[in-house]
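Student: run19.csv is reproduced below (CSV, C-alpha atoms and all ligand atoms).
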```
chain,number,residue,atom,x,y,z
A,176,MET,CA,-1.4,-5.9,-2.3
A,177,THR,CA,-4.0,-5.8,0.5
A,178,MET,CA,-6.8,-3.2,0.4
A,179,ASP,CA,-5.1,-1.5,3.3
A,180,ALA,CA,-1.8,-1.2,1.4
A,181,GLU,CA,-3.6,0.0,-1.8
A,182,PHE,CA,-5.2,2.7,0.3
A,183,TYR,CA,-1.9,3.8,1.7
A,184,SER,CA,-0.2,3.7,-1.7
A,185,ARG,CA,-2.9,6.1,-3.0
A,186,VAL,CA,-2.1,8.3,0.0
A,187,ALA,CA,1.6,8.3,-0.8
A,188,GLU,CA,1.0,9.1,-4.4
A,189,ARG,CA,-1.3,11.9,-3.7
A,190,PHE,CA,0.5,13.5,-0.7
A,191,GLY,CA,4.1,12.4,-1.2
A,192,GLY,CA,4.0,10.4,2.0
A,193,TYR,CA,1.8,9.5,4.9
A,194,PHE,CA,1.0,13.1,6.0
A,195,SER,CA,-1.1,15.6,4.1
A,196,ASP,CA,-1.0,19.4,4.4
A,197,ALA,CA,-4.4,19.5,6.1
A,198,ARG,CA,-4.2,22.4,8.6
A,199,SER,CA,-5.4,21.9,12.2
A,200,THR,CA,-4.7,23.3,15.6
A,201,ASP,CA,-4.4,20.3,18.0
A,202,VAL,CA,-5.0,20.3,21.8
A,203,PHE,CA,-3.4,17.5,23.9
A,204,PRO,CA,-4.6,17.5,27.5
A,205,ASP,CA,-3.1,14.0,28.1
A,206,GLY,CA,0.2,14.8,26.3
A,207,ARG,CA,1.1,14.3,22.6
A,208,PRO,CA,1.0,10.6,21.8
A,209,ASP,CA,3.7,10.7,19.1
A,210,ALA,CA,6.1,12.5,21.5
A,211,VAL,CA,5.4,9.9,24.2
A,212,PHE,CA,5.9,7.1,21.7
A,213,ASP,CA,9.2,8.6,20.5
A,214,GLU,CA,10.4,8.9,24.2
A,215,LEU,CA,9.6,5.3,25.0
A,216,ALA,CA,11.2,3.9,21.8
A,217,THR,CA,14.2,6.1,22.2
A,218,ALA,CA,14.7,5.1,25.8
A,219,LEU,CA,14.8,1.5,24.8
A,220,GLY,CA,17.6,2.2,22.2
A,221,ALA,CA,21.3,1.5,22.5
A,222,PRO,CA,24.3,1.7,20.1
A,223,HIS,CA,24.1,-2.0,19.3
A,224,ALA,CA,20.4,-2.5,19.6
A,225,ARG,CA,18.3,-3.6,16.6
A,226,LEU,CA,14.9,-2.1,16.0
A,227,LEU,CA,12.1,-3.5,13.8
A,228,ASP,CA,9.3,-1.1,12.9
A,229,VAL,CA,6.2,-2.6,11.2
A,230,GLY,CA,3.9,-0.5,9.1
A,231,CYS,CA,6.5,2.2,8.8
A,232,ALA,CA,4.7,3.9,5.9
A,233,ASP,CA,6.8,6.8,4.7
A,234,GLY,CA,9.3,6.2,7.5
A,235,ARG,CA,9.4,9.8,8.8
A,236,SER,CA,8.3,8.8,12.3
A,237,LEU,CA,10.8,6.0,12.3
A,238,LEU,CA,13.7,8.2,11.2
A,239,ARG,CA,13.1,10.4,14.2
A,240,ILE,CA,13.9,7.6,16.7
A,241,SER,CA,16.5,5.8,14.5
A,242,PRO,CA,19.6,7.6,15.9
A,243,ALA,CA,19.0,5.8,19.2
A,244,TYR,CA,19.6,2.4,17.5
A,245,GLY,CA,22.5,0.6,15.9
A,246,ALA,CA,20.4,-1.1,13.1
A,247,VAL,CA,16.9,-0.2,12.1
A,248,THR,CA,14.5,-2.1,9.7
A,249,GLY,CA,11.2,-0.6,8.6
A,250,ILE,CA,8.7,-2.8,6.8
A,251,ASP,CA,5.5,-2.1,5.0
A,252,LEU,CA,3.2,-3.6,2.4
A,253,SER,CA,2.9,-0.4,0.3
A,254,PRO,CA,5.6,0.0,-2.4
A,255,SER,CA,4.7,3.7,-2.8
A,256,MET,CA,5.1,4.4,0.9
A,257,LEU,CA,8.5,2.7,0.8
A,258,GLU,CA,9.7,4.8,-2.1
A,259,CYS,CA,8.9,7.9,-0.1
A,260,ALA,CA,10.6,6.3,2.9
A,261,GLU,CA,13.8,5.6,0.9
A,262,ARG,CA,13.8,9.3,-0.2
A,263,TYR,CA,13.4,10.6,3.4
A,264,ARG,CA,16.1,8.2,4.6
A,265,ALA,CA,18.6,9.5,2.0
A,266,GLU,CA,17.8,13.1,2.9
A,267,ALA,CA,18.3,12.3,6.6
A,268,ASP,CA,21.6,10.5,5.8
A,269,LEU,CA,20.9,7.6,8.1
A,270,PRO,CA,22.6,4.6,6.4
A,271,HIS,CA,21.9,2.2,9.3
A,272,VAL,CA,18.2,2.3,8.4
A,273,THR,CA,16.8,0.0,5.7
A,274,PHE,CA,13.3,-0.4,4.4
A,275,GLU,CA,11.7,-3.6,3.0
A,276,LEU,CA,8.5,-4.6,1.3
A,277,CYS,CA,7.4,-7.2,3.8
A,278,ASP,CA,4.3,-8.5,5.6
A,279,ALA,CA,4.5,-8.0,9.4
A,280,ALA,CA,2.9,-11.5,9.8
A,281,HIS,CA,6.0,-13.1,8.1
A,282,THR,CA,9.0,-10.9,8.6
A,283,LYS,CA,11.5,-13.6,7.6
A,284,LEU,CA,13.9,-12.3,10.3
A,285,PRO,CA,15.6,-14.9,12.5
A,286,ASP,CA,14.2,-15.8,15.9
A,287,GLY,CA,15.3,-13.4,18.6
A,288,TYR,CA,16.7,-10.9,16.0
A,289,ALA,CA,15.3,-7.7,17.4
A,290,ASP,CA,15.7,-5.9,20.7
A,291,VAL,CA,12.6,-3.7,20.1
A,292,VAL,CA,9.6,-4.0,17.8
A,293,THR,CA,7.5,-0.8,17.2
A,294,SER,CA,4.2,-0.4,15.5
A,295,ARG,CA,2.8,3.1,15.4
A,296,ARG,CA,-0.8,2.8,14.1
A,297,GLY,CA,0.4,-0.2,12.2
A,298,PRO,CA,-0.4,-3.9,12.5
A,299,LEU,CA,-0.1,-5.9,15.7
A,300,ILE,CA,0.9,-9.5,15.1
A,301,ALA,CA,1.7,-10.6,18.6
A,302,ARG,CA,3.0,-14.1,17.8
A,303,GLU,CA,5.4,-12.9,15.1
A,304,PHE,CA,6.6,-10.1,17.3
A,305,GLU,CA,7.3,-12.6,20.1
A,306,ARG,CA,9.2,-14.8,17.8
A,307,VAL,CA,11.4,-12.1,16.3
A,308,LEU,CA,12.2,-10.4,19.7
A,309,ARG,CA,15.1,-11.5,21.9
A,310,PRO,CA,14.2,-12.6,25.4
A,311,GLY,CA,13.8,-9.4,27.5
A,312,GLY,CA,13.0,-7.4,24.3
A,313,PHE,CA,10.1,-4.9,24.1
A,314,VAL,CA,7.2,-4.1,21.8
A,315,VAL,CA,5.8,-0.6,21.7
A,316,TYR,CA,2.5,-0.3,20.0
A,317,MET,CA,0.3,2.7,19.3
A,318,GLY,CA,-3.3,2.1,18.4
A,319,ILE,CA,-6.5,3.9,17.6
A,320,GLY,CA,-9.0,3.8,20.5
A,321,GLU,CA,-12.7,3.0,20.3
A,322,GLN,CA,-13.9,6.6,20.9
A,323,ASP,CA,-11.7,7.9,18.0
A,324,ALA,CA,-13.7,10.3,15.7
A,325,ARG,CA,-16.9,8.8,17.1
A,326,GLU,CA,-19.2,11.8,16.3
A,327,LEU,CA,-17.8,11.8,12.7
A,328,LYS,CA,-18.4,8.1,12.2
A,329,GLU,CA,-21.9,8.4,13.7
A,330,THR,CA,-22.7,11.2,11.3
A,331,PHE,CA,-21.4,9.2,8.3
A,332,GLY,CA,-23.0,5.9,9.6
A,333,ARG,CA,-19.7,4.1,9.0
A,334,GLY,CA,-16.0,4.2,9.7
A,335,GLN,CA,-13.0,2.4,11.2
A,336,ASP,CA,-14.1,0.0,14.0
A,337,PHE,CA,-17.7,1.4,13.7
A,338,GLY,CA,-19.8,0.9,16.8
A,339,SER,CA,-16.8,-0.3,18.9
A,340,TRP,CA,-17.5,2.5,21.3
A,341,ASN,CA,-20.1,0.3,23.1
A,342,GLY,CA,-17.8,-2.7,23.4
A,343,ARG,CA,-14.6,-3.7,25.2
A,344,PRO,CA,-11.9,-1.0,25.1
A,345,LEU,CA,-9.6,-1.8,22.1
A,346,ALA,CA,-6.5,-1.2,24.2
A,347,GLU,CA,-7.6,-4.1,26.5
A,348,GLY,CA,-8.0,-6.4,23.4
A,349,ILE,CA,-4.4,-5.5,22.3
A,350,ALA,CA,-3.0,-6.1,25.8
A,351,GLN,CA,-4.8,-9.4,25.9
A,352,GLU,CA,-3.4,-10.5,22.5
A,353,LEU,CA,0.1,-9.6,23.8
A,354,SER,CA,-0.4,-11.5,27.0
A,355,ASP,CA,-1.7,-14.5,25.1
A,356,ALA,CA,1.5,-14.5,23.0
A,357,GLY,CA,3.6,-14.6,26.2
A,358,PHE,CA,4.3,-10.9,26.8
A,359,VAL,CA,4.1,-9.1,30.1
A,360,VAL,CA,2.3,-5.7,29.6
A,361,THR,CA,4.4,-3.0,31.2
A,362,ARG,CA,2.4,0.1,30.2
A,363,SER,CA,-1.0,1.1,28.8
A,364,GLN,CA,-1.8,4.7,28.4
A,365,ALA,CA,-4.8,6.5,26.7
A,366,PHE,CA,-4.7,9.8,24.9
A,367,ARG,CA,-7.8,11.9,24.3
A,368,PHE,CA,-7.2,15.0,22.2
A,369,GLU,CA,-8.9,17.5,19.9
A,370,GLU,CA,-8.0,18.5,16.4
A,371,PHE,CA,-9.6,21.8,15.1
A,372,TYR,CA,-9.4,21.9,11.3
A,373,HIS,CA,-9.0,25.4,9.9
A,374,SER,CA,-11.5,25.0,7.1
A,375,ALA,CA,-13.9,22.4,5.6
A,376,GLY,CA,-11.2,22.0,2.8
A,377,ASP,CA,-8.7,21.0,5.4
A,378,LEU,CA,-11.0,18.4,7.0
A,379,ASP,CA,-11.8,17.1,3.5
A,380,THR,CA,-8.0,16.7,2.8
A,381,PHE,CA,-7.5,14.9,6.1
A,382,LEU,CA,-10.3,12.4,5.3
A,383,HIS,CA,-8.5,11.5,2.1
A,384,GLN,CA,-5.3,10.8,4.1
A,385,VAL,CA,-6.7,8.4,6.7
A,386,PRO,CA,-9.1,5.4,6.6
A,387,ILE,CA,-11.3,6.8,9.4
A,388,VAL,CA,-14.3,6.8,7.0
A,389,ASP,CA,-13.9,4.0,4.6
A,390,ASN,CA,-14.2,4.8,0.9
A,391,TYR,CA,-14.7,8.5,1.7
A,392,ASP,CA,-16.2,10.2,-1.4
A,393,PRO,CA,-16.7,14.0,-1.2
A,394,ALA,CA,-19.6,13.9,-3.7
A,395,ALA,CA,-21.5,10.9,-2.3
A,396,ASP,CA,-20.7,11.9,1.3
A,397,MET,CA,-21.5,15.7,0.9
A,398,GLU,CA,-24.7,15.7,2.9
A,399,ALA,CA,-23.0,13.9,5.9
A,400,PHE,CA,-19.9,16.0,5.6
A,401,ASP,CA,-21.8,19.3,5.7
A,402,ARG,CA,-24.0,18.1,8.6
A,403,TYR,CA,-20.9,17.2,10.6
A,404,VAL,CA,-19.1,20.5,9.9
A,405,ALA,CA,-22.3,22.4,10.9
A,406,ALA,CA,-22.6,20.4,14.2
A,407,VAL,CA,-18.9,20.7,15.4
A,408,SER,CA,-17.7,24.1,14.2
A,409,VAL,CA,-16.5,26.3,17.0
A,410,ASP,CA,-14.3,29.4,17.3
A,411,GLN,CA,-11.0,27.3,17.1
A,412,GLY,CA,-12.2,25.4,13.9
A,413,ILE,CA,-14.0,22.2,13.0
A,414,ARG,CA,-13.6,19.8,15.9
A,415,LEU,CA,-12.5,16.2,15.5
A,416,SER,CA,-12.2,14.3,18.8
A,417,ARG,CA,-9.4,11.7,18.8
A,418,HIS,CA,-8.6,8.7,21.0
A,419,TRP,CA,-5.3,6.9,20.7
A,420,PHE,CA,-3.4,4.6,23.1
A,421,ILE,CA,0.0,3.2,23.6
A,422,VAL,CA,0.7,-0.3,25.0
A,423,GLN,CA,4.2,-1.5,25.8
A,424,ALA,CA,5.0,-5.1,26.6
A,425,GLN,CA,8.1,-7.1,27.4
A,426,LYS,CA,9.0,-10.6,26.3
A,427,PRO,CA,10.2,-12.4,29.5
A,428,ALA,CA,13.9,-12.9,29.8
A,429,ALA,CA,15.1,-16.5,29.5
A,430,VAL,CA,15.0,-18.2,32.9
A,431,GLU,CA,18.5,-19.6,33.8
A,432,SER,CA,18.3,-23.3,34.5
A,433,SER,CA,20.0,-24.0,37.9
A,434,SER,CA,22.3,-27.0,38.3
A,435,SER,CA,23.0,-28.6,41.6
B,501,LIG,C1,-1.3,4.3,9.7
B,501,LIG,S1,0.0,3.8,8.7
B,501,LIG,C2,1.4,3.8,9.7
B,501,LIG,C3,2.1,5.1,9.9
B,501,LIG,C4,3.5,5.1,10.4
B,501,LIG,N1,3.7,4.0,11.3
B,501,LIG,C5,3.8,6.4,11.1
B,501,LIG,O1,3.7,6.5,12.3
B,501,LIG,O2,4.0,7.4,10.4
B,501,LIG,C6,-0.2,2.0,8.6
B,501,LIG,C7,0.8,1.4,7.7
B,501,LIG,O3,0.8,0.0,8.0
B,501,LIG,C8,1.0,-0.7,6.7
B,501,LIG,N2,0.5,-2.1,6.9
B,501,LIG,C9,-0.7,-2.6,7.1
B,501,LIG,N3,-0.7,-3.9,7.3
B,501,LIG,C10,0.6,-4.3,7.2
B,501,LIG,C11,1.2,-5.6,7.3
B,501,LIG,N4,0.6,-6.7,7.5
B,501,LIG,N5,2.6,-5.6,7.2
B,501,LIG,C12,3.3,-4.5,6.9
B,501,LIG,N6,2.7,-3.3,6.8
B,501,LIG,C13,1.4,-3.2,7.0
B,501,LIG,C14,0.2,0.1,5.7
B,501,LIG,O4,0.6,-0.2,4.4
B,501,LIG,C15,0.5,1.5,6.2
B,501,LIG,O5,1.5,2.1,5.5
```
Take the structure from the file and write it as C-alpha cells.
Ligand SMILES: C[S@@+](CC[C@H](N)C(=O)[O-])C[C@H]1O[C@@H](n2cnc3c(N)ncnc32)[C@H](O)[C@@H]1O
Tutor:
Amino acid sequence: MTMDAEFYSRVAERFGGYFSDARSTDVFPDGRPDAVFDELATALGAPHARLLDVGCADGRSLLRISPAYGAVTGIDLSPSMLECAERYRAEADLPHVTFELCDAAHTKLPDGYADVVTSRRGPLIAREFERVLRPGGFVVYMGIGEQDARELKETFGRGQDFGSWNGRPLAEGIAQELSDAGFVVTRSQAFRFEEFYHSAGDLDTFLHQVPIVDNYDPAADMEAFDRYVAAVSVDQGIRLSRHWFIVQAQKPAAVESSSS
C-alpha cells in the first residue's frame, strides 16, 4: 500500500468511512463544490453509460450519482475504504455498482471502456484516463486549490502542497496535464468557501480525517494548534478557509475519414 492509501485506511478504520463527525457550519459564496460536481457528473450519465470513479474511498459520493449510469466502477488503493464502500453499496441496493482494489495508473480496463471518468479529490492520471475513455467521453476532476487552508498550514509550518500559494494555480497545472494528454478542457471553476468548526475538538477530529497537515499529532502539534485556534476564532466558530476547483475535459471524438 502507498502512504496515501495507508493514511486513508486508518481514516476508514477510525471513522467507518471517509467522513468524520467533526461539526462545522459551512458558507459557500461560490456554490457548494460537491453539489456542482454531482450535477456535472449526473448530466453526463445515460442508461447505458459506463462510469469509472478513481479514488472512490468509501463510495458514498459515488453512490449519489450512480443512478444516472448503467454501469459504475469505483476503484481505490485502500482495502479498508473499499470494505466501507461495499457496505454502503449494499445498503443503497445498487447492484450495478462495483468496487475494486486497483491503482488508477493501471486500471486494467479495456481501451475506450468508459463514457465518463470522475475523480473527486482523488488522483489525476491523465494518460490512463485518456486511454480508458471512449472518443467524446468526459473526465470530471475535483482538486484542492493552492490557497486551501493556507493560514492553518502557515501556522503549522507544513501541509499539503505547502507554499504552493505563491506559485502557478494548481487548477492550471491540472488543465495543462489534461491538454497534454489530448483532452479539450471544457470547464474550470474555482470555489472559495469557509468552514467554521464548532469547537477545538471538532477541528482536531477533522485534522485526523484529512491529510491537510501531514502526520498531524495533537501532542506534538499542540502549540501550533492552539495558536491557530486563537487567531481564527470568531462568533460562528473556528474558521478554516477552503479552496477547491473543478476541471472538466473531453476526449475529442474520432474524426471520420472522408473517402472520395
Ligand atoms: C480524498 S479521498 C477521495 C474521496 C472520495 N472521492 C469522495 O469524494 O468521497 C482520496 C482517495 O484516493 C485514493 N487513491 C490515492 N491514490 C490512488 C491511486 N493511485 N489509485 C486509486 N486510488 C487512489 C485514496 O486511497 C483515497 O481513498
Student: Which residues of range 198-283 of chain A have any atom within 12 Å of an atom in range 374-379 of chain A when counting all atoms listed in the file, and what is the closest pair of atoms for each, with the distance in Å to one decimal? Order the rows by chain and rising number and write it as a tab-separated table.
Tutor:
```
residue	atom	partner	partner_atom	distance
A:Arg198	CA	A:Asp377	CA	5.7
A:Ser199	CA	A:Asp377	CA	7.6
A:Thr200	CA	A:Ser374	CA	11.0
```
Student: If we count only C-alpha atoms, what is near range 352-356 of chain A at a cut-off of 8 Å, once residues fewer than 6 positions away on the same chain are taken out, given as a PyMOL selection string?
Tutor: chain A and resi 301-302+305+424
Student: Counting all atoms listed in the file, what residues are within 9 Å of ligand LIG 501 (chain B), given as a count of residues only?
Tutor: 49
Student: Have a look at A:Val422, A:Gly287, A:Tyr372, A:Asp401 and name the one nearest to Val202 in chain A; count all atoms listed in the file.
Tutor: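 Of A:Val422, A:Gly287, A:Tyr372, A:Asp401, the one nearest Val202 in chain A, counting all atoms listed in the file, is A:Tyr372.
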Student: Select, counting only C-alpha atoms, all protein, DNA and RNA residues no farther than 6 Å from (-8.0, 11.9, 27.8) in file coordinates, and express the selection as JSON, numbers by chain.
Tutor: {"A": [205, 366, 367]}
Student: Just the residues within 10 Å of range 238-245 of chain A, please, counting all atoms listed in the file, with nothing from its chain fewer than 4 positions along; format it as a PyMOL selection string.
Tutor: chain A and resi 212-226+231+233-234+249+260+263-264+267-269+271-272+290-291
Student: Please write the residues from the selection above to a file, keeping C-alpha atoms, as an mmCIF file, keeping the file's coordinate frame.
Tutor:
```
data_model
loop_
_atom_site.group_PDB
_atom_site.id
_atom_site.type_symbol
_atom_site.label_atom_id
_atom_site.label_comp_id
_atom_site.auth_asym_id
_atom_site.auth_seq_id
_atom_site.Cartn_x
_atom_site.Cartn_y
_atom_site.Cartn_z
ATOM 1 C CA PHE A 212 5.900 7.100 21.700
ATOM 2 C CA ASP A 213 9.200 8.600 20.500
ATOM 3 C CA GLU A 214 10.400 8.900 24.200
ATOM 4 C CA LEU A 215 9.600 5.300 25.000
ATOM 5 C CA ALA A 216 11.200 3.900 21.800
ATOM 6 C CA THR A 217 14.200 6.100 22.200
ATOM 7 C CA ALA A 218 14.700 5.100 25.800
ATOM 8 C CA LEU A 219 14.800 1.500 24.800
ATOM 9 C CA GLY A 220 17.600 2.200 22.200
ATOM 10 C CA ALA A 221 21.300 1.500 22.500
ATOM 11 C CA PRO A 222 24.300 1.700 20.100
ATOM 12 C CA HIS A 223 24.100 -2.000 19.300
ATOM 13 C CA ALA A 224 20.400 -2.500 19.600
ATOM 14 C CA ARG A 225 18.300 -3.600 16.600
ATOM 15 C CA LEU A 226 14.900 -2.100 16.000
ATOM 16 C CA CYS A 231 6.500 2.200 8.800
ATOM 17 C CA ASP A 233 6.800 6.800 4.700
ATOM 18 C CA GLY A 234 9.300 6.200 7.500
ATOM 19 C CA GLY A 249 11.200 -0.600 8.600
ATOM 20 C CA ALA A 260 10.600 6.300 2.900
ATOM 21 C CA TYR A 263 13.400 10.600 3.400
ATOM 22 C CA ARG A 264 16.100 8.200 4.600
ATOM 23 C CA ALA A 267 18.300 12.300 6.600
ATOM 24 C CA ASP A 268 21.600 10.500 5.800
ATOM 25 C CA LEU A 269 20.900 7.600 8.100
ATOM 26 C CA HIS A 271 21.900 2.200 9.300
ATOM 27 C CA VAL A 272 18.200 2.300 8.400
ATOM 28 C CA ASP A 290 15.700 -5.900 20.700
ATOM 29 C CA VAL A 291 12.600 -3.700 20.100
#
```
Student: Using only C-alpha atoms, which of A:Ala365, A:Ala399, A:Val315, A:Val407 sits nearest Pro208 in chain A?
Tutor: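 Using only C-alpha atoms, the shortest distance to Pro208 in chain A belongs to A:Ala365.
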